[in-house]
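Participant: Can you read through this structure? Questions will come right after.
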Amino acid sequence: MELRAKLLGSWRFLSGEWLDETGPVESGLGTNPLGLLTYDDSGAVSVQLMRPNQACFASDDWRFATDEEKTAALSAYFCYFGTFVVNEAERTVTHHIAGSWFPNLVGTDQVRSFELDGNTLSLRADGSSGRITIVWERLTRTKAASPGR
C-alpha cells in the first residue's frame, strides 16, 4: 500500500513537543490538548488543536462574545485546512494551507516529515521558530478510491 493511502482517515492528538533553540516551550494549548487531523482521498487536510475545558461564553450566541472571551478562546485554539501531497522518497507530507485562524499560514506550504508505526503517526516540522513534533493515533481509516474513479 502506498504511503499516501496509509495516511487517509482521521487521527486524534496523542502527544506533542514544541522546542525552540533553548529547549521545550509551552504550546499555549495546555498539557493535554485535544486534536483532530484528517486526510481524505480527494487530497484535503484539516487540523484542529485546542486546550480542553475552556470557560463558556456568557452568551450562547458567539456573535455576542466579549473581546476578552474571544481572546481567551483564540489563544487556546489552532487550526488550518487545505490540501496535501506526499513525497514517498523523502517521507514528507506537504500541507498547502488554504485557510487558518493564523492568517500568516494562508497560502504557505508546510512540510512535515512523518513516521508511521501501526496506528501511530508522528509529524515533525522544523522551522525558523524551532521544531514541533506531534504524535497522532488513528481513529478511522478511509479507503482510497480505486484509480479512474
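Every chain in the C-alpha cells has a letter given in the order shown (A, B, ...), and although residue numbers restart at 1 in each chain, ligands are simply numbered from 1 in the order shown.
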Among segment 38-115 of chain A, which residues carry a DSSP assignment of helix (DSSP H, G or I), reported as a PDB file with N, CA and C atoms, in the first residue's frame?

Facilitator:
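Just written: selection27.pdb:
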ATOM      1  N   TRP A  62     -22.208  33.116  19.738  1.00  0.00           N
ATOM      2  CA  TRP A  62     -20.810  33.542  19.666  1.00  0.00           C
ATOM      3  C   TRP A  62     -20.653  34.971  19.156  1.00  0.00           C
ATOM      4  N   ARG A  63     -21.637  35.473  18.410  1.00  0.00           N
ATOM      5  CA  ARG A  63     -21.531  36.844  17.877  1.00  0.00           C
ATOM      6  C   ARG A  63     -21.570  37.888  18.986  1.00  0.00           C
ATOM      7  N   PHE A  64     -22.030  37.494  20.173  1.00  0.00           N
ATOM      8  CA  PHE A  64     -22.122  38.436  21.283  1.00  0.00           C
ATOM      9  C   PHE A  64     -21.005  38.231  22.314  1.00  0.00           C
ATOM     10  N   ASP A  67     -14.693  40.871  23.871  1.00  0.00           N
ATOM     11  CA  ASP A  67     -13.328  40.808  23.346  1.00  0.00           C
ATOM     12  C   ASP A  67     -12.464  39.884  24.204  1.00  0.00           C
ATOM     13  N   GLU A  68     -12.663  39.932  25.512  1.00  0.00           N
ATOM     14  CA  GLU A  68     -11.888  39.078  26.414  1.00  0.00           C
ATOM     15  C   GLU A  68     -12.200  37.602  26.177  1.00  0.00           C
ATOM     16  N   GLU A  69     -13.486  37.279  25.988  1.00  0.00           N
ATOM     17  CA  GLU A  69     -13.868  35.889  25.718  1.00  0.00           C
ATOM     18  C   GLU A  69     -13.260  35.405  24.401  1.00  0.00           C
ATOM     19  N   LYS A  70     -13.309  36.248  23.379  1.00  0.00           N
ATOM     20  CA  LYS A  70     -12.747  35.879  22.078  1.00  0.00           C
ATOM     21  C   LYS A  70     -11.238  35.685  22.160  1.00  0.00           C
ATOM     22  N   THR A  71     -10.568  36.568  22.879  1.00  0.00           N
ATOM     23  CA  THR A  71      -9.116  36.456  23.030  1.00  0.00           C
ATOM     24  C   THR A  71      -8.735  35.159  23.741  1.00  0.00           C
ATOM     25  N   ALA A  72      -9.445  34.843  24.805  1.00  0.00           N
ATOM     26  CA  ALA A  72      -9.157  33.613  25.547  1.00  0.00           C
ATOM     27  C   ALA A  72      -9.400  32.383  24.675  1.00  0.00           C
ATOM     28  N   ALA A  73     -10.489  32.377  23.938  1.00  0.00           N
ATOM     29  CA  ALA A  73     -10.814  31.227  23.088  1.00  0.00           C
ATOM     30  C   ALA A  73      -9.799  31.082  21.954  1.00  0.00           C
ATOM     31  N   LEU A  74      -9.431  32.183  21.331  1.00  0.00           N
ATOM     32  CA  LEU A  74      -8.498  32.135  20.210  1.00  0.00           C
ATOM     33  C   LEU A  74      -7.107  31.689  20.644  1.00  0.00           C
ATOM     34  N   SER A  75      -6.678  32.103  21.817  1.00  0.00           N
ATOM     35  CA  SER A  75      -5.341  31.724  22.280  1.00  0.00           C
ATOM     36  C   SER A  75      -5.263  30.252  22.673  1.00  0.00           C
ATOM     37  N   PRO A 103      -3.560  33.993  10.018  1.00  0.00           N
ATOM     38  CA  PRO A 103      -3.512  34.385   8.610  1.00  0.00           C
ATOM     39  C   PRO A 103      -2.138  34.265   7.966  1.00  0.00           C
ATOM     40  N   ASN A 104      -1.075  34.276   8.738  1.00  0.00           N
ATOM     41  CA  ASN A 104       0.270  34.164   8.173  1.00  0.00           C
ATOM     42  C   ASN A 104       0.509  32.818   7.495  1.00  0.00           C
ATOM     43  N   LEU A 105      -0.283  31.807   7.846  1.00  0.00           N
ATOM     44  CA  LEU A 105      -0.135  30.488   7.221  1.00  0.00           C
ATOM     45  C   LEU A 105      -0.833  30.386   5.872  1.00  0.00           C
TER      46      LEU A 105
END

Participant: When distances are computed from only C-alpha atoms, which of A:Gly43, A:Pro52, A:Gly35, A:Gly130 shows the smallest separation from His96 of chain A?

Facilitator: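 Using only C-alpha atoms, His96 of chain A sits closest to A:Gly43.
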
Participant: Taking only C-alpha atoms into account, produce a table as a tab-separated table in which each residue of segment 39-100 of chain A with an atom at most 12 Å from an atom of segment 10-30 of chain A appears once, together with its shortest atom pair and the distance in Å to one decimal, ordered by chain and rising number.

Facilitator:
residue	atom	partner	partner_atom	distance
A:Tyr39	CA	A:Ser10	CA	6.6
A:Asp40	CA	A:Ser10	CA	8.4
A:Asp41	CA	A:Ser10	CA	11.6
A:Ala44	CA	A:Ser10	CA	11.7
A:Val45	CA	A:Ser10	CA	9.8
A:Ser46	CA	A:Ser10	CA	9.4
A:Val47	CA	A:Trp11	CA	9.5
A:Gln48	CA	A:Phe13	CA	9.2
A:Leu49	CA	A:Leu29	CA	7.6
A:Met50	CA	A:Leu29	CA	5.8
A:Arg51	CA	A:Leu29	CA	4.5
A:Pro52	CA	A:Gly30	CA	7.9
A:Asn53	CA	A:Gly30	CA	10.1
A:Gln54	CA	A:Leu29	CA	10.6
A:Ala72	CA	A:Gly28	CA	10.7
A:Ala73	CA	A:Leu29	CA	10.6
A:Leu74	CA	A:Gly28	CA	10.3
A:Ser75	CA	A:Gly28	CA	6.9
A:Ala76	CA	A:Leu29	CA	5.3
A:Tyr77	CA	A:Leu29	CA	7.0
A:Phe78	CA	A:Leu29	CA	8.4
A:Cys79	CA	A:Leu29	CA	11.9

Participant: Keeping N, CA and C atoms for every residue in the selection just given, could you write it to a file as an mmCIF file, in the first residue's frame?

Facilitator:
data_model
loop_
_atom_site.group_PDB
_atom_site.id
_atom_site.type_symbol
_atom_site.label_atom_id
_atom_site.label_comp_id
_atom_site.auth_asym_id
_atom_site.auth_seq_id
_atom_site.Cartn_x
_atom_site.Cartn_y
_atom_site.Cartn_z
ATOM 1 N N TYR A 39 -7.065 13.432 6.811
ATOM 2 C CA TYR A 39 -6.630 13.386 5.413
ATOM 3 C C TYR A 39 -7.697 12.620 4.653
ATOM 4 N N ASP A 40 -8.172 13.166 3.516
ATOM 5 C CA ASP A 40 -9.131 12.388 2.733
ATOM 6 C C ASP A 40 -8.596 12.137 1.327
ATOM 7 N N ASP A 41 -9.255 11.214 0.638
ATOM 8 C CA ASP A 41 -8.772 10.760 -0.662
ATOM 9 C C ASP A 41 -8.818 11.844 -1.731
ATOM 10 N N ALA A 44 -7.696 16.551 0.606
ATOM 11 C CA ALA A 44 -7.953 17.591 1.606
ATOM 12 C C ALA A 44 -7.328 17.202 2.947
ATOM 13 N N VAL A 45 -6.845 18.218 3.668
ATOM 14 C CA VAL A 45 -6.320 18.035 5.015
ATOM 15 C C VAL A 45 -6.968 19.069 5.924
ATOM 16 N N SER A 46 -7.203 18.688 7.165
ATOM 17 C CA SER A 46 -7.760 19.596 8.169
ATOM 18 C C SER A 46 -7.110 19.253 9.502
ATOM 19 N N VAL A 47 -6.660 20.281 10.217
ATOM 20 C CA VAL A 47 -6.001 20.095 11.502
ATOM 21 C C VAL A 47 -6.636 21.029 12.521
ATOM 22 N N GLN A 48 -6.974 20.494 13.690
ATOM 23 C CA GLN A 48 -7.508 21.309 14.785
ATOM 24 C C GLN A 48 -6.866 20.860 16.090
ATOM 25 N N LEU A 49 -6.407 21.824 16.866
ATOM 26 C CA LEU A 49 -5.865 21.569 18.197
ATOM 27 C C LEU A 49 -6.444 22.601 19.146
ATOM 28 N N MET A 50 -6.783 22.165 20.359
ATOM 29 C CA MET A 50 -7.336 23.116 21.325
ATOM 30 C C MET A 50 -7.051 22.685 22.754
ATOM 31 N N ARG A 51 -6.999 23.676 23.622
ATOM 32 C CA ARG A 51 -6.889 23.419 25.054
ATOM 33 C C ARG A 51 -8.273 23.003 25.539
ATOM 34 N N PRO A 52 -8.365 21.892 26.265
ATOM 35 C CA PRO A 52 -9.680 21.453 26.759
ATOM 36 C C PRO A 52 -10.157 22.302 27.931
ATOM 37 N N ASN A 53 -11.415 22.120 28.274
ATOM 38 C CA ASN A 53 -12.026 22.734 29.453
ATOM 39 C C ASN A 53 -12.000 24.258 29.435
ATOM 40 N N GLN A 54 -12.295 24.825 28.289
ATOM 41 C CA GLN A 54 -12.364 26.275 28.182
ATOM 42 C C GLN A 54 -13.624 26.799 28.866
ATOM 43 N N ALA A 72 -9.445 34.843 24.805
ATOM 44 C CA ALA A 72 -9.157 33.613 25.547
ATOM 45 C C ALA A 72 -9.400 32.383 24.675
ATOM 46 N N ALA A 73 -10.489 32.377 23.938
ATOM 47 C CA ALA A 73 -10.814 31.227 23.088
ATOM 48 C C ALA A 73 -9.799 31.082 21.954
ATOM 49 N N LEU A 74 -9.431 32.183 21.331
ATOM 50 C CA LEU A 74 -8.498 32.135 20.210
ATOM 51 C C LEU A 74 -7.107 31.689 20.644
ATOM 52 N N SER A 75 -6.678 32.103 21.817
ATOM 53 C CA SER A 75 -5.341 31.724 22.280
ATOM 54 C C SER A 75 -5.263 30.252 22.673
ATOM 55 N N ALA A 76 -6.396 29.601 22.776
ATOM 56 C CA ALA A 76 -6.435 28.192 23.168
ATOM 57 C C ALA A 76 -6.791 27.281 22.002
ATOM 58 N N TYR A 77 -6.694 27.801 20.769
ATOM 59 C CA TYR A 77 -7.152 27.048 19.608
ATOM 60 C C TYR A 77 -6.204 27.275 18.443
ATOM 61 N N PHE A 78 -5.956 26.240 17.667
ATOM 62 C CA PHE A 78 -5.133 26.351 16.475
ATOM 63 C C PHE A 78 -5.744 25.468 15.408
ATOM 64 N N CYS A 79 -5.903 25.999 14.190
ATOM 65 C CA CYS A 79 -6.474 25.178 13.126
ATOM 66 C C CYS A 79 -6.047 25.690 11.759
#

Participant: Hey, which of A:Ser59, A:Thr92, A:Ser129, A:Ser100 ends up closest to Glu115 of chain A? Count only C-alpha atoms.

Facilitator: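 Distance minimum relative to Glu115 of chain A lands on A:Thr92.
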
Participant: Residues of chain A in strand (DSSP E or B) according to DSSP, as a PyMOL selection string?

Facilitator: chain A and resi 9-20+23-24+34-39+44-50+77-87+92-100+109-117+120-127+130-141

Participant: Please save C-alpha atoms of the selected residues as a tab-separated table (two decimals), in the first residue's frame.

Facilitator:
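Result written to again_8.tsv:
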chain	number	residue	atom	x	y	z
A	9	GLY	CA	-8.52	8.85	7.64
A	10	SER	CA	-8.90	10.67	10.95
A	11	TRP	CA	-6.30	10.87	13.68
A	12	ARG	CA	-6.60	12.09	17.28
A	13	PHE	CA	-3.92	14.03	19.14
A	14	LEU	CA	-1.79	11.76	21.31
A	15	SER	CA	1.18	13.93	22.33
A	16	GLY	CA	3.23	16.90	21.24
A	17	GLU	CA	6.58	18.52	21.79
A	18	TRP	CA	7.38	22.13	20.98
A	19	LEU	CA	11.08	23.11	21.03
A	20	ASP	CA	12.97	26.30	20.32
A	23	GLY	CA	14.62	23.72	24.70
A	24	PRO	CA	10.94	22.88	25.38
A	34	LEU	CA	-7.48	17.85	22.14
A	35	GLY	CA	-6.84	17.47	18.45
A	36	LEU	CA	-8.09	16.03	15.19
A	37	LEU	CA	-6.18	15.58	11.93
A	38	THR	CA	-7.99	14.39	8.82
A	39	TYR	CA	-6.63	13.39	5.41
A	44	ALA	CA	-7.95	17.59	1.61
A	45	VAL	CA	-6.32	18.04	5.02
A	46	SER	CA	-7.76	19.60	8.17
A	47	VAL	CA	-6.00	20.09	11.50
A	48	GLN	CA	-7.51	21.31	14.79
A	49	LEU	CA	-5.86	21.57	18.20
A	50	MET	CA	-7.34	23.12	21.32
A	77	TYR	CA	-7.15	27.05	19.61
A	78	PHE	CA	-5.13	26.35	16.48
A	79	CYS	CA	-6.47	25.18	13.13
A	80	TYR	CA	-5.93	25.15	9.40
A	81	PHE	CA	-7.21	23.39	6.29
A	82	GLY	CA	-6.13	22.91	2.70
A	83	THR	CA	-4.73	20.17	0.51
A	84	PHE	CA	-1.82	17.79	0.88
A	85	VAL	CA	0.70	15.85	-1.18
A	86	VAL	CA	3.02	13.06	-0.08
A	87	ASN	CA	6.64	12.70	-1.16
A	92	THR	CA	7.26	14.05	3.86
A	93	VAL	CA	3.74	15.36	3.59
A	94	THR	CA	3.24	18.95	2.46
A	95	HIS	CA	0.15	20.81	3.65
A	96	HIS	CA	-0.86	23.57	1.20
A	97	ILE	CA	-2.70	25.94	3.56
A	98	ALA	CA	-5.91	27.47	2.14
A	99	GLY	CA	-7.34	28.79	5.42
A	100	SER	CA	-6.27	29.18	9.04
A	109	ASP	CA	3.30	25.16	2.10
A	110	GLN	CA	4.01	23.45	5.42
A	111	VAL	CA	6.33	20.46	5.03
A	112	ARG	CA	6.16	17.73	7.67
A	113	SER	CA	8.41	14.71	7.90
A	114	PHE	CA	6.48	11.70	9.10
A	115	GLU	CA	6.80	8.24	10.57
A	116	LEU	CA	4.05	5.63	10.58
A	117	ASP	CA	4.11	2.85	13.16
A	120	THR	CA	0.53	5.93	15.25
A	121	LEU	CA	1.58	8.84	13.03
A	122	SER	CA	4.37	11.23	14.03
A	123	LEU	CA	4.60	14.53	12.17
A	124	ARG	CA	7.62	16.81	12.59
A	125	ALA	CA	8.06	20.37	11.39
A	126	ASP	CA	11.41	22.15	11.51
A	127	GLY	CA	11.25	25.89	11.05
A	130	GLY	CA	12.06	25.65	16.29
A	131	ARG	CA	10.84	22.08	15.98
A	132	ILE	CA	7.36	20.73	16.56
A	133	THR	CA	6.64	17.02	16.80
A	134	ILE	CA	3.04	15.86	17.11
A	135	VAL	CA	2.02	12.24	17.54
A	136	TRP	CA	-1.42	11.16	16.35
A	137	GLU	CA	-3.39	7.94	16.88
A	138	ARG	CA	-5.64	6.59	14.14
A	139	LEU	CA	-9.38	6.94	14.73
A	140	THR	CA	-10.65	5.83	11.32
A	141	ARG	CA	-9.20	4.67	8.06

Participant: One decimal, in Å: what's the spacing between atom CA of Thr108 of chain A and atom CA of Leu7 of chain A?

Facilitator: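 Between atom CA of Thr108 of chain A and atom CA of Leu7 of chain A the gap is 21.0 Å.
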